$ cat protein.txt   # compact mmCIF, C-alpha atoms
# COMPACT_ATOMS: atom_id res chain seq x y z
CA ASP A 1078 -9.89 3.59 -8.58
CA ALA A 1079 -9.76 7.21 -7.34
CA GLY A 1080 -8.59 8.38 -10.77
CA ILE A 1081 -4.88 7.62 -10.36
CA THR A 1082 -2.55 6.96 -13.27
CA GLN A 1083 1.20 6.38 -13.32
CA SER A 1084 3.65 6.83 -16.15
CA PRO A 1085 5.60 5.16 -17.49
CA ARG A 1086 4.30 1.73 -16.50
CA HIS A 1087 7.61 0.09 -17.32
CA LYS A 1088 11.08 1.54 -17.66
CA VAL A 1089 14.57 0.14 -18.12
CA THR A 1090 17.46 2.49 -17.56
CA GLU A 1091 21.17 2.46 -16.87
CA THR A 1092 23.05 3.19 -13.67
CA GLY A 1093 23.79 6.87 -13.26
CA THR A 1094 20.99 8.22 -15.43
CA PRO A 1095 18.22 10.44 -14.07
CA VAL A 1096 14.69 9.04 -14.03
CA THR A 1097 11.37 10.74 -13.31
CA LEU A 1098 8.18 8.88 -12.57
CA ARG A 1099 4.85 10.62 -12.73
CA CYS A 1100 1.71 10.15 -10.70
CA HIS A 1101 -1.38 11.90 -12.01
CA GLN A 1102 -4.78 12.17 -10.37
CA THR A 1103 -7.90 13.81 -11.68
CA GLU A 1104 -10.07 14.21 -8.57
CA ASN A 1105 -8.31 16.90 -6.56
CA HIS A 1106 -7.12 14.61 -3.78
CA ARG A 1107 -5.07 16.43 -1.21
CA TYR A 1108 -2.56 13.81 -0.03
CA MET A 1109 -0.25 11.83 -2.29
CA TYR A 1110 2.39 9.22 -1.55
CA TRP A 1111 5.19 7.34 -3.26
CA TYR A 1112 6.03 3.79 -2.16
CA ARG A 1113 8.43 1.16 -3.39
CA GLN A 1114 7.59 -2.53 -3.27
CA ASP A 1115 10.34 -5.09 -2.85
CA PRO A 1116 10.22 -8.81 -2.00
CA GLY A 1117 10.48 -9.38 1.73
CA HIS A 1118 9.82 -5.72 2.53
CA GLY A 1119 6.24 -5.12 1.56
CA LEU A 1120 5.65 -1.47 0.70
CA ARG A 1121 7.88 1.25 2.09
CA LEU A 1122 7.12 4.95 2.00
CA ILE A 1123 9.58 7.11 0.04
CA HIS A 1124 8.02 10.59 0.14
CA TYR A 1125 4.62 12.08 0.60
CA SER A 1126 2.83 15.35 -0.08
CA TYR A 1127 0.09 17.11 1.83
CA GLY A 1128 -0.49 19.84 -0.71
CA VAL A 1129 1.04 21.82 -3.54
CA LYS A 1130 4.72 22.43 -2.79
CA ASP A 1131 4.36 20.70 0.60
CA THR A 1132 6.30 17.45 0.75
CA ASP A 1133 8.11 15.39 3.36
CA LYS A 1134 10.35 12.35 3.61
CA GLY A 1135 9.32 8.80 4.32
CA GLU A 1136 11.40 5.94 5.67
CA VAL A 1137 13.44 5.26 2.49
CA SER A 1138 13.94 8.72 0.95
CA ASP A 1139 17.70 8.61 0.29
CA GLY A 1140 18.43 8.92 -3.43
CA TYR A 1141 14.95 10.23 -4.24
CA SER A 1142 13.40 13.66 -4.58
CA VAL A 1143 9.84 14.73 -5.28
CA SER A 1144 7.95 17.72 -6.53
CA ARG A 1145 4.34 18.76 -6.53
CA SER A 1146 3.78 22.00 -8.42
CA LYS A 1147 0.14 21.17 -9.21
CA THR A 1148 -2.47 19.33 -7.19
CA GLU A 1149 -2.86 16.65 -9.84
CA ASP A 1150 0.80 15.70 -10.36
CA PHE A 1151 3.31 14.20 -7.94
CA LEU A 1152 6.72 13.51 -9.50
CA LEU A 1153 9.35 11.15 -8.15
CA THR A 1154 12.92 11.70 -9.38
CA LEU A 1155 15.93 9.47 -9.09
CA GLU A 1156 18.75 11.92 -9.72
CA SER A 1157 21.28 9.19 -10.50
CA ALA A 1158 19.70 5.76 -10.63
CA THR A 1159 21.39 2.80 -8.95
CA SER A 1160 20.71 -0.92 -9.21
CA SER A 1161 19.33 -0.90 -5.66
CA GLN A 1162 16.50 1.29 -6.92
CA THR A 1163 15.21 -1.46 -9.17
CA SER A 1164 11.73 -1.92 -7.80
CA VAL A 1165 8.04 -1.47 -8.40
CA TYR A 1166 6.90 2.02 -7.49
CA PHE A 1167 3.37 2.80 -6.40
CA CYS A 1168 1.66 6.11 -6.02
CA ALA A 1169 -1.23 6.46 -3.59
CA ILE A 1170 -3.70 9.11 -2.51
CA SER A 1171 -5.78 9.73 0.55
CA ASP A 1172 -8.53 12.25 0.96
CA PRO A 1173 -10.58 13.36 3.96
CA ARG A 1174 -13.56 13.52 1.62
CA LEU A 1175 -13.33 9.75 1.12
CA ALA A 1176 -11.99 8.36 4.40
CA THR A 1177 -9.32 9.85 6.59
CA ASP A 1178 -7.16 6.77 6.96
CA THR A 1179 -7.63 4.80 3.73
CA GLN A 1180 -5.17 5.07 0.86
CA TYR A 1181 -5.94 4.26 -2.77
CA PHE A 1182 -3.22 3.06 -5.07
CA GLY A 1183 -2.23 3.53 -8.68
CA PRO A 1184 -1.30 0.63 -10.99
CA GLY A 1185 2.46 0.89 -10.38
CA THR A 1186 5.64 1.47 -12.39
CA ARG A 1187 8.18 -1.30 -12.79
CA LEU A 1188 11.67 0.21 -12.93
CA THR A 1189 14.77 -1.76 -13.81
CA VAL A 1190 18.19 -0.17 -13.38
CA LEU A 1191 20.94 -2.04 -15.22
CA GLY B 191 7.70 2.44 16.22
CA ASN B 192 4.80 0.78 14.48
CA SER B 193 5.24 -2.59 12.83
CA VAL B 194 3.19 -5.31 11.17
CA THR B 195 4.10 -8.97 11.03
CA GLN B 196 2.25 -11.34 8.77
CA MET B 197 2.71 -15.00 8.03
CA GLU B 198 5.32 -15.97 5.52
CA GLY B 199 4.20 -17.28 2.20
CA PRO B 200 3.68 -18.59 -0.23
CA VAL B 201 0.44 -20.28 0.73
CA THR B 202 -1.08 -22.84 -1.62
CA LEU B 203 -4.59 -24.18 -1.07
CA SER B 204 -7.13 -26.19 -2.98
CA GLU B 205 -10.34 -24.56 -4.13
CA GLU B 206 -13.02 -24.45 -1.41
CA ALA B 207 -10.46 -24.78 1.40
CA PHE B 208 -10.56 -22.58 4.49
CA LEU B 209 -8.07 -19.73 4.53
CA THR B 210 -6.33 -18.00 7.40
CA ILE B 211 -3.53 -15.48 6.97
CA ASN B 212 -2.14 -14.33 10.28
CA CYS B 213 -1.31 -10.71 11.03
CA THR B 214 -0.09 -9.18 14.27
CA TYR B 215 0.90 -5.62 14.94
CA THR B 216 2.83 -3.38 17.30
CA ALA B 217 1.52 0.12 17.83
CA THR B 218 0.50 2.50 20.56
CA GLY B 219 -3.13 3.29 21.18
CA TYR B 220 -5.79 2.11 18.77
CA PRO B 221 -4.55 2.11 15.18
CA SER B 222 -6.78 1.40 12.20
CA LEU B 223 -6.10 -1.95 10.56
CA PHE B 224 -6.37 -2.90 6.90
CA TRP B 225 -6.07 -5.77 4.50
CA TYR B 226 -5.07 -4.87 0.97
CA VAL B 227 -5.01 -7.29 -1.97
CA GLN B 228 -2.80 -7.13 -5.04
CA TYR B 229 -3.85 -9.16 -8.07
CA PRO B 230 -1.17 -10.03 -10.65
CA GLY B 231 0.05 -6.98 -12.54
CA GLU B 232 -2.12 -4.57 -10.60
CA GLY B 233 -1.86 -2.07 -7.77
CA LEU B 234 -3.12 -2.62 -4.25
CA GLN B 235 -6.83 -2.56 -3.55
CA LEU B 236 -8.42 -2.12 -0.18
CA LEU B 237 -10.05 -5.42 0.80
CA LEU B 238 -11.36 -4.54 4.26
CA LYS B 239 -10.64 -2.42 7.30
CA ALA B 240 -11.45 -2.06 10.98
CA THR B 241 -11.01 1.06 13.05
CA LYS B 242 -11.58 -0.03 16.63
CA ALA B 243 -11.27 -3.02 18.91
CA ASP B 244 -13.69 -5.92 18.24
CA ASP B 245 -14.72 -4.44 14.90
CA LYS B 246 -15.05 -6.97 12.10
CA GLY B 247 -14.21 -5.92 8.57
CA SER B 248 -15.68 -7.97 5.74
CA ASN B 249 -15.75 -7.95 1.96
CA LYS B 250 -16.02 -10.54 -0.85
CA GLY B 251 -16.38 -13.36 1.71
CA PHE B 252 -13.22 -12.33 3.58
CA GLU B 253 -13.37 -11.34 7.24
CA ALA B 254 -10.94 -10.03 9.85
CA THR B 255 -11.58 -9.08 13.46
CA TYR B 256 -9.62 -6.40 15.31
CA ARG B 257 -8.34 -8.11 18.47
CA LYS B 258 -6.75 -5.61 20.81
CA GLU B 259 -5.91 -8.20 23.47
CA THR B 260 -3.81 -10.25 21.05
CA THR B 261 -2.84 -7.32 18.76
CA SER B 262 -4.02 -9.34 15.79
CA PHE B 263 -6.07 -8.90 12.63
CA HIS B 264 -6.12 -12.32 10.98
CA LEU B 265 -7.70 -12.65 7.54
CA GLU B 266 -10.12 -15.56 6.99
CA LYS B 267 -12.30 -16.92 4.25
CA GLY B 268 -14.46 -20.00 4.50
CA SER B 269 -14.16 -21.27 0.93
CA VAL B 270 -11.50 -19.88 -1.38
CA GLN B 271 -11.73 -19.69 -5.15
CA VAL B 272 -9.11 -19.67 -7.86
CA SER B 273 -9.87 -15.99 -8.39
CA ASP B 274 -8.63 -15.27 -4.84
CA SER B 275 -5.05 -15.98 -5.93
CA ALA B 276 -3.16 -12.79 -5.13
CA VAL B 277 -0.77 -11.18 -2.66
CA TYR B 278 -2.36 -10.01 0.58
CA PHE B 279 -0.94 -7.20 2.71
CA CYS B 280 -1.81 -6.36 6.28
CA ALA B 281 -1.33 -2.70 7.21
CA LEU B 282 -1.95 -0.25 10.01
CA SER B 283 -2.56 3.47 10.29
CA PRO B 284 -1.56 5.31 13.49
CA ALA B 285 -4.03 5.94 16.23
CA VAL B 286 -3.89 9.70 16.02
CA ALA B 287 -5.82 11.03 13.07
CA ASN B 288 -3.99 13.73 11.17
CA PHE B 289 -6.59 15.13 8.78
CA GLY B 290 -6.13 12.34 6.27
CA ASN B 291 -2.37 12.21 6.24
CA GLU B 292 -1.96 8.96 8.10
CA LYS B 293 1.04 7.01 6.90
CA LEU B 294 0.49 3.32 6.50
CA THR B 295 2.85 0.65 7.81
CA PHE B 296 2.69 -2.56 5.75
CA GLY B 297 3.52 -6.17 6.40
CA THR B 298 5.70 -8.00 3.91
CA GLY B 299 2.80 -9.59 2.05
CA THR B 300 1.59 -13.18 1.69
CA ARG B 301 1.27 -14.73 -1.74
CA LEU B 302 -1.78 -16.98 -1.99
CA THR B 303 -2.26 -19.50 -4.79
CA ILE B 304 -5.48 -21.46 -5.13
CA ILE B 305 -5.39 -24.59 -7.26
CA PRO B 306 -8.53 -26.06 -8.85
$ encode --input "protein.txt" --output "structure tokens"
Amino acid sequence: DAGITQSPRHKVTETGTPVTLRCHQTENHRYMYWYRQDPGHGLRLIHYSYGVKDTDKGEVSDGYSVSRSKTEDFLLTLESATSSQTSVYFCAISDPRLATDTQYFGPGTRLTVL
Amino acid sequence: GNSVTQMEGPVTLSEEAFLTINCTYTATGYPSLFWYVQYPGEGLQLLLKATKADDKGSNKGFEATYRKETTSFHLEKGSVQVSDSAVYFCALSPAVANFGNEKLTFGTGTRLTIIP
């Protein structure tokens, strides 16, 4: 499973509150990704990172920010959560040491914004 | 841009039936193609992949052949089991390798239910 964990696994919050989701990996993988999964949309890329302090936007980055101060942790922050951000969030890694174009996924975080 | 279109679900089959889930793509050059599977309550797992035209990916009895002429990567299995019930995603990675930072484009997913 490429040593990926996500926390929390489930969270319910209220509109307007900040939320931070954590992705943690233990095997020094270089690239990390955050996706959201919604019915009818499959998975869509929010942000990704290609190293410590190196991040970039994906196709649905509005309302989200990320940080990667250590190789093992990639944080996704919703500064002010909205109901449209209710979703399942997946973290993924890729690593040239494994295969250059294959991503491995964490177990997901189900977020509900009331 | 790149895109992946896969057949709408849900798909319900009886055990031991033949399965096909269609997937077509739009991309320049020769992307890599993937099928991922998501079992209930879990993350996505790589099921199989193919990296060039006419390649066949296979795993756990599932197969898919990279067809450049029809831009397709249909998933097949000859005899499905109840344990194959899951959501299946087709995906592609761009043709130009970027030192492991290829960004995947996913289809919308097909939910498969196998009844005994």
$ residues_around --input "protein.txt" --residues "Lys1147 in chain A" --least-positions-apart "2" --cutoff "9 Å" --atoms "all atoms listed in the file" --output "count of residues only"
8
$ interface_residues --input "protein.txt" --of "chain B" --to "chain A" --cutoff "10 Å" --atoms "only C-alpha atoms" --output "ChimeraX atom specification"
/B:198,221-224,226,228,231-236,239,241,278-285,287-300
$ atom_distance --input "protein.txt" --atom1 "CA of Thr255 in chain B" --atom2 "CA of Thr202 in chain B"
23.0 Å
$ closest_residue --input "protein.txt" --among "B:Thr260, B:Thr214, B:Ser204, B:Thr195" --to "Asp274 in chain B" --atoms "all atoms listed in the file"
B:Ser204
$ residues_around --input "protein.txt" --residues "Ser1084 in chain A" --least-positions-apart "3" --cutoff "7 Å" --atoms "only C-alpha atoms" --output "PyMOL selection string"
chain A and resi 1098-1100+1186
$ atom_distance --input "protein.txt" --atom1 "CA of His1124 in chain A" --atom2 "CA of Val1143 in chain A"
7.1 Å
$ decode --input "protein.txt" --residues "range 255-272 of chain B" --atoms "N, CA and C atoms" --output "PDB file, in the first residue's frame"
ATOM      1  N   THR B 255      -6.753  -4.307 -23.399  1.00  0.00           N
ATOM      2  CA  THR B 255      -5.781  -4.134 -24.470  1.00  0.00           C
ATOM      3  C   THR B 255      -5.793  -2.693 -24.944  1.00  0.00           C
ATOM      4  N   TYR B 256      -4.627  -2.115 -25.061  1.00  0.00           N
ATOM      5  CA  TYR B 256      -4.424  -0.738 -25.511  1.00  0.00           C
ATOM      6  C   TYR B 256      -4.612  -0.702 -27.016  1.00  0.00           C
ATOM      7  N   ARG B 257      -5.711  -0.103 -27.466  1.00  0.00           N
ATOM      8  CA  ARG B 257      -6.024  -0.019 -28.894  1.00  0.00           C
ATOM      9  C   ARG B 257      -5.874   1.419 -29.355  1.00  0.00           C
ATOM     10  N   LYS B 258      -4.777   1.697 -30.015  1.00  0.00           N
ATOM     11  CA  LYS B 258      -4.521   3.059 -30.474  1.00  0.00           C
ATOM     12  C   LYS B 258      -5.493   3.451 -31.580  1.00  0.00           C
ATOM     13  N   GLU B 259      -5.834   2.523 -32.458  1.00  0.00           N
ATOM     14  CA  GLU B 259      -6.665   2.856 -33.612  1.00  0.00           C
ATOM     15  C   GLU B 259      -8.086   3.240 -33.219  1.00  0.00           C
ATOM     16  N   THR B 260      -8.555   2.689 -32.090  1.00  0.00           N
ATOM     17  CA  THR B 260      -9.899   3.035 -31.612  1.00  0.00           C
ATOM     18  C   THR B 260      -9.856   3.857 -30.324  1.00  0.00           C
ATOM     19  N   THR B 261      -8.677   4.241 -29.909  1.00  0.00           N
ATOM     20  CA  THR B 261      -8.441   4.983 -28.642  1.00  0.00           C
ATOM     21  C   THR B 261      -9.258   4.380 -27.506  1.00  0.00           C
ATOM     22  N   SER B 262      -9.090   3.084 -27.314  1.00  0.00           N
ATOM     23  CA  SER B 262      -9.888   2.386 -26.314  1.00  0.00           C
ATOM     24  C   SER B 262      -9.019   1.518 -25.418  1.00  0.00           C
ATOM     25  N   PHE B 263      -9.576   1.204 -24.259  1.00  0.00           N
ATOM     26  CA  PHE B 263      -8.881   0.346 -23.273  1.00  0.00           C
ATOM     27  C   PHE B 263      -9.977  -0.344 -22.462  1.00  0.00           C
ATOM     28  N   HIS B 264     -10.736  -1.188 -23.105  1.00  0.00           N
ATOM     29  CA  HIS B 264     -11.889  -1.834 -22.481  1.00  0.00           C
ATOM     30  C   HIS B 264     -11.456  -2.911 -21.498  1.00  0.00           C
ATOM     31  N   LEU B 265     -12.124  -2.953 -20.362  1.00  0.00           N
ATOM     32  CA  LEU B 265     -11.817  -3.941 -19.320  1.00  0.00           C
ATOM     33  C   LEU B 265     -12.720  -5.161 -19.515  1.00  0.00           C
ATOM     34  N   GLU B 266     -12.130  -6.354 -19.440  1.00  0.00           N
ATOM     35  CA  GLU B 266     -12.894  -7.594 -19.626  1.00  0.00           C
ATOM     36  C   GLU B 266     -12.502  -8.617 -18.570  1.00  0.00           C
ATOM     37  N   LYS B 267     -13.488  -9.465 -18.253  1.00  0.00           N
ATOM     38  CA  LYS B 267     -13.212 -10.630 -17.426  1.00  0.00           C
ATOM     39  C   LYS B 267     -14.173 -11.729 -17.850  1.00  0.00           C
ATOM     40  N   GLY B 268     -13.653 -12.920 -17.976  1.00  0.00           N
ATOM     41  CA  GLY B 268     -14.450 -14.011 -18.532  1.00  0.00           C
ATOM     42  C   GLY B 268     -15.516 -14.559 -17.605  1.00  0.00           C
ATOM     43  N   SER B 269     -15.282 -14.502 -16.311  1.00  0.00           N
ATOM     44  CA  SER B 269     -16.218 -15.101 -15.355  1.00  0.00           C
ATOM     45  C   SER B 269     -16.105 -14.337 -14.044  1.00  0.00           C
ATOM     46  N   VAL B 270     -17.066 -13.465 -13.787  1.00  0.00           N
ATOM     47  CA  VAL B 270     -16.959 -12.595 -12.613  1.00  0.00           C
ATOM     48  C   VAL B 270     -17.435 -13.323 -11.354  1.00  0.00           C
ATOM     49  N   GLN B 271     -16.925 -12.840 -10.237  1.00  0.00           N
ATOM     50  CA  GLN B 271     -17.283 -13.374  -8.932  1.00  0.00           C
ATOM     51  C   GLN B 271     -17.884 -12.278  -8.073  1.00  0.00           C
ATOM     52  N   VAL B 272     -18.574 -12.690  -7.026  1.00  0.00           N
ATOM     53  CA  VAL B 272     -19.172 -11.702  -6.125  1.00  0.00           C
ATOM     54  C   VAL B 272     -18.117 -10.750  -5.582  1.00  0.00           C
TER      55      VAL B 272
END
